[in-house]
$ cat final_19.cif   # mmCIF, C-alpha atoms
data_work
loop_
_atom_site.group_PDB
_atom_site.id
_atom_site.type_symbol
_atom_site.label_atom_id
_atom_site.label_comp_id
_atom_site.auth_asym_id
_atom_site.auth_seq_id
_atom_site.Cartn_x
_atom_site.Cartn_y
_atom_site.Cartn_z
ATOM 1 C CA MET A 1 68.181 49.033 128.142
ATOM 2 C CA ARG A 2 67.206 47.572 124.790
ATOM 3 C CA ARG A 3 64.932 49.230 122.292
ATOM 4 C CA ASP A 4 61.461 47.757 122.110
ATOM 5 C CA VAL A 5 60.679 45.499 119.180
ATOM 6 C CA LEU A 6 57.833 47.821 118.153
ATOM 7 C CA ASP A 7 60.274 50.748 117.822
ATOM 8 C CA LEU A 8 62.586 48.617 115.684
ATOM 9 C CA ARG A 9 59.755 47.526 113.428
ATOM 10 C CA ALA A 10 58.552 51.116 113.028
ATOM 11 C CA PHE A 11 62.041 52.305 112.071
ATOM 12 C CA TYR A 12 62.525 49.693 109.353
ATOM 13 C CA ALA A 13 59.087 50.548 107.957
ATOM 14 C CA SER A 14 60.137 54.200 107.491
ATOM 15 C CA PRO A 15 61.916 55.475 104.345
ATOM 16 C CA LEU A 16 65.212 55.825 106.226
ATOM 17 C CA GLY A 17 64.850 52.336 107.673
ATOM 18 C CA ARG A 18 64.130 50.836 104.259
ATOM 19 C CA ALA A 19 67.277 52.490 102.921
ATOM 20 C CA ALA A 20 69.312 51.072 105.816
ATOM 21 C CA ARG A 21 67.761 47.671 105.173
ATOM 22 C CA GLU A 22 68.776 47.808 101.518
ATOM 23 C CA MET A 23 72.375 48.915 102.161
ATOM 24 C CA LEU A 24 73.033 46.445 104.983
ATOM 25 C CA GLY A 25 71.212 43.547 103.373
ATOM 26 C CA ARG A 26 73.295 43.916 100.222
ATOM 27 C CA LYS A 27 76.528 43.579 102.223
ATOM 28 C CA VAL A 28 75.277 40.423 103.922
ATOM 29 C CA GLU A 29 74.288 38.822 100.604
ATOM 30 C CA GLU A 30 77.668 39.656 99.073
ATOM 31 C CA ALA A 31 79.501 38.055 101.997
ATOM 32 C CA TRP A 32 77.408 34.890 102.319
ATOM 33 C CA GLY A 33 76.292 34.196 98.793
ATOM 34 C CA ASP A 34 74.051 31.166 98.428
ATOM 35 C CA ALA A 35 72.779 29.794 101.739
ATOM 36 C CA ARG A 36 71.167 26.739 100.192
ATOM 37 C CA GLY A 37 71.045 23.771 102.550
ATOM 38 C CA LEU A 38 72.437 25.713 105.521
ATOM 39 C CA ASP A 39 71.083 26.483 108.991
ATOM 40 C CA VAL A 40 70.900 30.237 109.636
ATOM 41 C CA LEU A 41 70.385 32.142 112.892
ATOM 42 C CA GLY A 42 69.503 35.828 113.205
ATOM 43 C CA LEU A 43 70.209 37.258 116.660
ATOM 44 C CA GLY A 44 68.951 40.598 117.955
ATOM 45 C CA TYR A 45 66.669 42.140 115.352
ATOM 46 C CA ALA A 46 67.943 40.613 112.118
ATOM 47 C CA THR A 47 64.652 39.756 110.408
ATOM 48 C CA PRO A 48 64.826 42.664 107.895
ATOM 49 C CA PHE A 49 67.953 41.050 106.439
ATOM 50 C CA LEU A 50 66.945 37.376 106.383
ATOM 51 C CA ASP A 51 64.346 37.314 103.624
ATOM 52 C CA LYS A 52 66.666 35.972 100.938
ATOM 53 C CA ALA A 53 68.224 33.389 103.253
ATOM 54 C CA ARG A 54 64.735 32.203 104.205
ATOM 55 C CA THR A 55 64.017 31.214 100.611
ATOM 56 C CA GLN A 56 67.280 29.269 100.267
ATOM 57 C CA ALA A 57 68.417 27.905 103.616
ATOM 58 C CA ARG A 58 67.319 24.638 105.147
ATOM 59 C CA ARG A 59 66.379 26.338 108.415
ATOM 60 C CA VAL A 60 66.221 30.019 109.452
ATOM 61 C CA VAL A 61 65.555 31.032 113.062
ATOM 62 C CA ALA A 62 65.160 34.590 114.380
ATOM 63 C CA ALA A 63 66.183 34.782 118.054
ATOM 64 C CA MET A 64 65.141 38.003 119.793
ATOM 65 C CA PRO A 65 66.350 38.959 123.300
ATOM 66 C CA ALA A 66 63.800 38.930 126.092
ATOM 67 C CA ALA A 67 64.497 42.562 127.041
ATOM 68 C CA GLN A 68 63.649 43.602 123.473
ATOM 69 C CA GLY A 69 60.566 41.519 122.830
ATOM 70 C CA VAL A 70 59.609 39.285 119.945
ATOM 71 C CA GLU A 71 57.319 39.550 116.945
ATOM 72 C CA VAL A 72 55.862 36.922 114.648
ATOM 73 C CA TRP A 73 58.116 36.370 111.650
ATOM 74 C CA PRO A 74 57.662 35.888 108.784
ATOM 75 C CA SER A 75 54.236 37.329 108.209
ATOM 76 C CA GLY A 76 51.945 35.004 106.336
ATOM 77 C CA GLY A 77 53.869 31.824 107.139
ATOM 78 C CA ALA A 78 54.854 29.481 109.927
ATOM 79 C CA ASN A 79 56.456 31.425 112.761
ATOM 80 C CA ALA A 80 60.272 31.133 112.896
ATOM 81 C CA ALA A 81 60.934 33.722 115.632
ATOM 82 C CA THR A 82 61.521 32.951 119.286
ATOM 83 C CA LEU A 83 62.148 34.864 122.508
ATOM 84 C CA VAL A 84 65.513 33.959 124.044
ATOM 85 C CA GLU A 85 67.884 34.760 126.844
ATOM 86 C CA GLU A 86 70.798 36.182 124.881
ATOM 87 C CA THR A 87 73.470 34.537 127.055
ATOM 88 C CA ALA A 88 71.706 31.146 127.196
ATOM 89 C CA LEU A 89 70.359 30.368 123.739
ATOM 90 C CA PRO A 90 67.961 27.392 123.622
ATOM 91 C CA PHE A 91 69.863 25.643 120.827
ATOM 92 C CA PRO A 92 72.265 22.678 120.831
ATOM 93 C CA ASN A 93 75.995 23.072 120.318
ATOM 94 C CA ALA A 94 77.369 23.643 116.806
ATOM 95 C CA MET A 95 73.927 23.915 115.201
ATOM 96 C CA PHE A 96 74.139 26.920 112.846
ATOM 97 C CA ASP A 97 76.262 27.391 109.732
ATOM 98 C CA ARG A 98 75.569 31.126 109.418
ATOM 99 C CA ILE A 99 74.787 33.632 112.175
ATOM 100 C CA LEU A 100 73.824 37.279 111.670
ATOM 101 C CA ALA A 101 73.889 39.542 114.741
ATOM 102 C CA VAL A 102 72.213 42.940 114.257
ATOM 103 C CA HIS A 103 71.183 45.145 117.211
ATOM 104 C CA ALA A 104 72.647 42.393 119.369
ATOM 105 C CA LEU A 105 75.805 43.826 120.960
ATOM 106 C CA GLU A 106 75.314 47.584 121.367
ATOM 107 C CA GLU A 107 72.684 47.306 124.110
ATOM 108 C CA ALA A 108 73.753 43.970 125.608
ATOM 109 C CA ASP A 109 74.709 43.961 129.291
ATOM 110 C CA ASP A 110 77.665 41.695 128.529
ATOM 111 C CA PRO A 111 78.615 41.669 124.820
ATOM 112 C CA GLY A 112 81.419 39.185 125.476
ATOM 113 C CA ALA A 113 78.985 36.678 126.985
ATOM 114 C CA VAL A 114 76.705 37.066 123.957
ATOM 115 C CA LEU A 115 79.599 36.309 121.599
ATOM 116 C CA ARG A 116 80.671 33.291 123.645
ATOM 117 C CA GLU A 117 77.148 31.929 123.369
ATOM 118 C CA ILE A 118 77.271 32.536 119.626
ATOM 119 C CA TRP A 119 80.533 30.552 119.560
ATOM 120 C CA ARG A 120 78.786 27.654 121.276
ATOM 121 C CA VAL A 121 75.926 27.330 118.801
ATOM 122 C CA MET A 122 78.081 27.956 115.708
ATOM 123 C CA ALA A 123 79.228 25.002 113.632
ATOM 124 C CA PRO A 124 83.009 24.439 113.387
ATOM 125 C CA SER A 125 82.945 25.672 109.794
ATOM 126 C CA GLY A 126 80.355 28.363 110.517
ATOM 127 C CA ARG A 127 80.561 32.073 109.766
ATOM 128 C CA LEU A 128 79.325 35.018 111.800
ATOM 129 C CA ILE A 129 78.528 38.561 110.641
ATOM 130 C CA VAL A 130 78.208 41.229 113.325
ATOM 131 C CA ALA A 131 76.783 44.650 112.438
ATOM 132 C CA VAL A 132 77.366 47.436 114.978
ATOM 133 C CA ALA A 133 77.182 51.212 115.015
ATOM 134 C CA SER A 134 80.515 52.808 114.164
ATOM 135 C CA ARG A 135 82.015 55.085 116.798
ATOM 136 C CA ASP A 136 83.117 57.595 114.129
ATOM 137 C CA GLY A 137 79.873 57.626 112.157
ATOM 138 C CA LEU A 138 76.928 60.004 112.300
ATOM 139 C CA TRP A 139 74.453 57.222 113.049
ATOM 140 C CA ALA A 140 75.949 56.563 116.502
ATOM 141 C CA GLY A 141 74.588 59.916 117.699
ATOM 142 C CA ALA A 142 71.207 59.740 115.969
ATOM 143 C CA GLU A 143 68.816 58.808 118.769
ATOM 144 C CA GLY A 144 65.934 58.665 116.321
ATOM 145 C CA THR A 145 67.390 55.443 114.909
ATOM 146 C CA PRO A 146 68.153 52.138 116.677
ATOM 147 C CA PHE A 147 71.862 52.620 115.943
ATOM 148 C CA GLY A 148 71.973 55.719 118.154
ATOM 149 C CA HIS A 149 71.384 53.739 121.353
ATOM 150 C CA GLY A 150 73.831 51.683 123.364
ATOM 151 C CA ARG A 151 77.592 51.579 122.847
ATOM 152 C CA PRO A 152 79.160 52.080 119.416
ATOM 153 C CA PHE A 153 82.377 50.292 118.472
ATOM 154 C CA SER A 154 85.521 51.017 116.547
ATOM 155 C CA ARG A 155 86.946 48.355 114.275
ATOM 156 C CA HIS A 156 89.770 47.512 116.687
ATOM 157 C CA GLN A 157 87.396 47.299 119.652
ATOM 158 C CA LEU A 158 85.157 44.890 117.782
ATOM 159 C CA GLU A 159 88.117 42.753 116.694
ATOM 160 C CA ALA A 160 89.372 42.505 120.277
ATOM 161 C CA LEU A 161 85.910 41.567 121.547
ATOM 162 C CA LEU A 162 85.564 38.808 118.968
ATOM 163 C CA ARG A 163 88.978 37.350 119.746
ATOM 164 C CA GLU A 164 88.184 37.258 123.462
ATOM 165 C CA ALA A 165 85.275 34.964 122.566
ATOM 166 C CA ASP A 166 87.547 32.694 120.446
ATOM 167 C CA LEU A 167 86.123 34.098 117.212
ATOM 168 C CA GLU A 168 88.711 35.062 114.620
ATOM 169 C CA PRO A 169 87.890 38.103 112.443
ATOM 170 C CA ALA A 170 88.084 37.167 108.770
ATOM 171 C CA GLY A 171 87.045 40.415 107.067
ATOM 172 C CA TRP A 172 85.201 43.664 107.563
ATOM 173 C CA THR A 173 83.458 46.426 105.654
ATOM 174 C CA ARG A 174 81.382 49.556 106.226
ATOM 175 C CA ALA A 175 77.855 50.622 105.303
ATOM 176 C CA LEU A 176 75.369 53.525 105.689
ATOM 177 C CA TYR A 177 77.198 56.608 104.420
ATOM 178 C CA ALA A 178 74.008 58.653 104.070
ATOM 179 C CA PRO A 179 73.252 61.010 106.980
ATOM 180 C CA PRO A 180 70.583 59.654 109.344
ATOM 181 C CA LEU A 181 67.895 62.007 108.041
ATOM 182 C CA GLY A 182 64.629 61.026 106.434
ATOM 183 C CA VAL A 183 65.132 63.449 103.519
ATOM 184 C CA ALA A 184 68.418 61.690 102.630
ATOM 185 C CA ALA A 185 66.786 58.283 102.209
ATOM 186 C CA ARG A 186 66.023 58.813 98.522
ATOM 187 C CA TRP A 187 69.700 59.499 97.786
ATOM 188 C CA ALA A 188 71.037 56.693 99.956
ATOM 189 C CA GLU A 189 72.428 54.787 96.976
ATOM 190 C CA GLY A 190 74.422 57.798 95.799
ATOM 191 C CA PHE A 191 75.757 58.460 99.296
ATOM 192 C CA GLU A 192 76.803 54.812 99.528
ATOM 193 C CA GLN A 193 78.887 54.960 96.371
ATOM 194 C CA VAL A 194 80.463 58.371 96.953
ATOM 195 C CA GLY A 195 81.002 57.937 100.682
ATOM 196 C CA ALA A 196 82.926 54.693 100.237
ATOM 197 C CA ARG A 197 85.470 56.666 98.180
ATOM 198 C CA LEU A 198 85.584 60.079 99.857
ATOM 199 C CA TRP A 199 84.805 59.607 103.565
ATOM 200 C CA PRO A 200 84.923 55.864 104.375
ATOM 201 C CA ARG A 201 85.758 56.470 108.026
ATOM 202 C CA PHE A 202 82.421 58.173 108.697
ATOM 203 C CA ALA A 203 80.190 55.282 107.703
ATOM 204 C CA GLY A 204 77.340 54.570 110.062
ATOM 205 C CA LEU A 205 77.938 50.823 110.481
ATOM 206 C CA ILE A 206 80.805 48.382 110.745
ATOM 207 C CA LEU A 207 80.204 44.846 109.533
ATOM 208 C CA MET A 208 82.725 42.229 110.584
ATOM 209 C CA GLU A 209 82.811 38.570 109.639
ATOM 210 C CA ALA A 210 84.377 36.028 111.984
ATOM 211 C CA VAL A 211 84.976 32.292 112.035
ATOM 212 C CA LYS A 212 85.057 29.897 114.937
ATOM 213 C CA GLN A 213 88.381 28.999 116.495
ATOM 214 C CA THR A 214 88.690 25.365 117.526
ATOM 215 C CA PHE A 215 91.632 23.872 119.341
ATOM 216 C CA ALA A 216 92.791 20.278 119.062
ATOM 217 C CA VAL A 217 93.533 18.580 122.371
ATOM 218 C CA LYS A 218 96.745 16.538 122.341
ATOM 219 C CA PRO A 219 96.676 13.683 124.877
ATOM 220 C CA ARG A 220 99.508 13.614 127.385
ATOM 221 C CA GLY A 221 101.531 10.448 127.800
ATOM 222 C CA SER A 222 101.742 8.780 131.199
ATOM 223 C CA ARG A 223 104.420 6.539 132.633
ATOM 224 C CA ALA A 224 103.629 2.931 133.413
ATOM 225 C CA ARG A 225 105.684 0.156 134.994
ATOM 226 C CA VAL A 226 106.886 -2.515 132.622
ATOM 227 C CA ARG A 227 107.450 -6.017 133.902
ATOM 228 C CA VAL A 228 110.705 -7.444 132.521
ATOM 229 C CA PHE A 229 111.110 -11.199 132.414
ATOM 230 C CA ALA A 230 114.748 -12.477 132.580
ATOM 231 C CA PRO A 231 115.385 -15.853 130.884
ATOM 232 C CA GLY A 232 116.089 -18.620 133.367
ATOM 233 C CA VAL A 233 119.474 -20.473 133.506
ATOM 234 C CA LEU A 234 119.328 -24.073 132.407
ATOM 235 C CA ALA A 235 120.968 -26.342 135.003
ATOM 236 C CA PRO A 236 122.891 -29.415 133.742
ATOM 237 C CA SER A 237 121.205 -32.753 134.176
ATOM 238 C CA PRO A 238 122.668 -34.580 137.231
ATOM 239 C CA GLY A 239 122.926 -37.978 135.625
ATOM 240 C CA GLY A 240 123.867 -38.943 132.091
ATOM 241 C CA PRO A 241 123.189 -37.234 128.889
ATOM 242 C CA ALA A 242 120.063 -35.260 128.303
ATOM 243 C CA PRO A 243 117.136 -37.222 126.911
ATOM 244 C CA VAL A 244 116.648 -37.000 123.204
ATOM 245 C CA ARG A 245 113.390 -35.349 122.186
ATOM 246 C CA THR A 246 111.485 -37.090 119.443
ATOM 247 C CA ALA A 247 108.905 -35.549 117.175
ATOM 248 C CA PRO A 248 105.315 -36.505 117.957
ATOM 249 C CA VAL A 249 103.836 -39.210 115.842
ATOM 250 C CA ARG A 250 100.950 -38.026 113.688
ATOM 251 C CA LYS A 251 98.067 -40.292 112.930
ATOM 252 C CA ALA A 252 96.831 -40.856 109.456
ATOM 253 C CA PRO A 253 94.245 -38.417 108.150
ATOM 254 C CA GLY A 254 90.759 -39.160 109.228
ATOM 255 C CA THR A 255 91.647 -40.650 112.589
ATOM 256 C CA LEU A 256 91.386 -37.346 114.522
ATOM 257 C CA ASN A 257 88.036 -36.125 115.707
ATOM 258 C CA ALA A 258 86.514 -33.727 113.196
ATOM 259 C CA ALA A 259 86.988 -30.148 114.207
ATOM 260 C CA ARG A 260 83.919 -28.143 115.085
ATOM 261 C CA PRO A 261 83.000 -25.876 112.174
ATOM 262 C CA LEU A 262 83.310 -22.107 112.736
ATOM 263 C CA GLU A 263 80.111 -20.198 113.283
ATOM 264 C CA PRO A 264 79.421 -17.465 110.759
ATOM 265 C CA SER A 265 80.415 -14.068 112.130
ATOM 266 C CA ILE A 266 77.722 -11.461 112.627
ATOM 267 C CA PRO A 267 78.513 -8.406 110.498
ATOM 268 C CA GLY A 268 79.045 -5.226 112.492
ATOM 269 C CA PRO A 269 77.561 -1.800 111.709
ATOM 270 C CA SER A 270 78.780 -0.149 108.542
ATOM 271 C CA PHE A 271 80.175 3.358 108.953
ATOM 272 C CA LYS A 272 78.950 5.839 106.385
ATOM 273 C CA PRO A 273 81.023 8.915 105.588
#

$ encode --input "final_19.cif" --output "structure tokens"
Amino acid sequence: MRRDVLDLRAFYASPLGRAAREMLGRKVEEAWGDARGLDVLGLGYATPFLDKARTQARRVVAAMPAAQGVEVWPSGGANAATLVEETALPFPNAMFDRILAVHALEEADDPGAVLREIWRVMAPSGRLIVAVASRDGLWAGAEGTPFGHGRPFSRHQLEALLREADLEPAGWTRALYAPPLGVAARWAEGFEQVGARLWPRFAGLILMEAVKQTFAVKPRGSRARVRVFAPGVLAPSPGGPAPVRTAPVRKAPGTLNAARPLEPSIPGPSFKP
């Protein structure tokens, strides 16, 4: 069962949630860079990490699962959030250049089906970032945070799940080295720097980037009957020598009927790159 959207909003409004938002959002910005002119989708509860993309991208949509609930986002502007069925997204094929999935897989009934639907709406050159609770981290057992609910993943489990959905992992990193305690929020930056060096395995989150696998279809040849025409045998003429062929006599110029002028061709559509 998914966490309610009100619980998620309350967590990210707390000091510990703001620290998690800062650490995770920084990783996403480092991986994606400038999203100018791109179409971006946030699936699950990704709105805390989409603020920068919203100011740059051509289109940003926050899709929230029906079992979780939806909230108006962003506040103070035109709503860009929608309630969706996570395995049947209401978007056309190959629409989004960037997709961020946070709180999307851990509590999904069928994570593989969610990733296959992500594959469908991702552009051929698109990039996906999935953030999940790490099986070895302290956050996976912290029920006071959203990352302590549902199933955590190891790196190899997440890689296998992505490949089953025809998504090829392209890189991964970790985040949230601070313990999931409110008193540790003020030192989250220090924990992030020291933990990456001393205890990287015990990070709270795994972030993995994947690209879409596309397969070219090679047409199969088919056999077809070929009609072969054999040249006929010329029979000798029964009587006398063969008649001599003479070249046709051409009339002087101007005696033939004037040919009908060609009609101007209608230009076809021009193909733009």

$ resolve_selection --input "final_19.cif" --expression "the PyMOL selection byres ((chain A and resi 132) around 8)" --output "ChimeraX atom specification"
/A:102-103,105-106,130-131,133-134,147,152-153,205-207

$ residues_around --input "final_19.cif" --residues "Arg26 (chain A)" --least-positions-apart "3" --cutoff "12 Å" --atoms "only C-alpha atoms" --output "list in words"
Ala19, Ala20, Arg21, Glu22, Met23, Glu29, Glu30, Ala31, Trp32, Gly33, Pro48, Phe49, Leu50, Asp51, Lys52, Thr173, Arg174, Ala175, Leu176, Glu189, Glu192 and Leu207 of chain A

$ closest_residue --input "final_19.cif" --among "A:Leu38, A:Ala63, A:Ala185, A:Met208" --to "Leu128 (chain A)" --atoms "all atoms listed in the file"
A:Met208

$ resolve_selection --input "final_19.cif" --expression "the PyMOL selection byres ((chain A and resi 84) around 6)" --output "MDAnalysis selection string"
chainID A and resid 64:66 83 85:86

$ residues_near_point --input "final_19.cif" --point "(67.8, 27.3, 121.7)" --cutoff "12 Å" --atoms "all atoms listed in the file" --output "PyMOL selection string"
chain A and resi 41+43+61-65+81-96+117-118+120-122

$ axis_aligned_box --input "final_19.cif" --around "region 28-33 of chain A" --padding-each-side "4 Å" --output "JSON"
{"center_x": 76.9, "center_y": 37.3, "center_z": 101.4, "size_x": 13.2, "size_y": 14.2, "size_z": 13.1}

$ atom_distance --input "final_19.cif" --atom1 "CA of Trp187 (chain A)" --atom2 "CA of Lys27 (chain A)"
17.9 Å

$ resolve_selection --input "final_19.cif" --expression "the PyMOL selection byres ((chain A and resi 148) around 10)" --output "PyMOL selection string"
chain A and resi 106+133-134+138-147+149-152+180+204

$ residues_around --input "final_19.cif" --residues "Arg9 (chain A)" --least-positions-apart "3" --cutoff "12 Å" --atoms "only C-alpha atoms" --output "list in words"
Arg3, Asp4, Val5, Leu6, Tyr12, Ala13, Ser14, Gly17, Arg18, Arg21, Tyr45, Ala46, Thr47, Pro48, Gln68, Gly69, Val70, Glu71, Val72, Trp73, Thr145 and Pro146 of chain A

$ atom_distance --input "final_19.cif" --atom1 "CA of Trp172 (chain A)" --atom2 "CA of Asp110 (chain A)"
22.4 Å

$ residues_near_point --input "final_19.cif" --point "(65.5, 24.1, 108.7)" --cutoff "9 Å" --atoms "only C-alpha atoms" --output "PyMOL selection string"
chain A and resi 37-40+57-61

$ closest_residue --input "final_19.cif" --among "A:Ala78, A:Val183, A:Leu100, A:Met1" --to "Gly126 (chain A)" --atoms "only C-alpha atoms"
A:Leu100

$ closest_residue --input "final_19.cif" --among "A:Asp136, A:Gly44, A:Trp119, A:Thr55" --to "Arg163 (chain A)" --atoms "only C-alpha atoms"
A:Trp119

$ closest_residue --input "final_19.cif" --among "A:Glu164, A:Ile129, A:Arg201, A:Arg2" --to "Asp109 (chain A)" --atoms "all atoms listed in the file"
A:Arg2

$ atom_distance --input "final_19.cif" --atom1 "CA of Gly42 (chain A)" --atom2 "CA of Ala104 (chain A)"
9.5 Å

$ closest_residue --input "final_19.cif" --among "A:Ala210, A:Gln157, A:Ser125, A:Ala203" --to "Gly137 (chain A)" --atoms "only C-alpha atoms"
A:Ala203
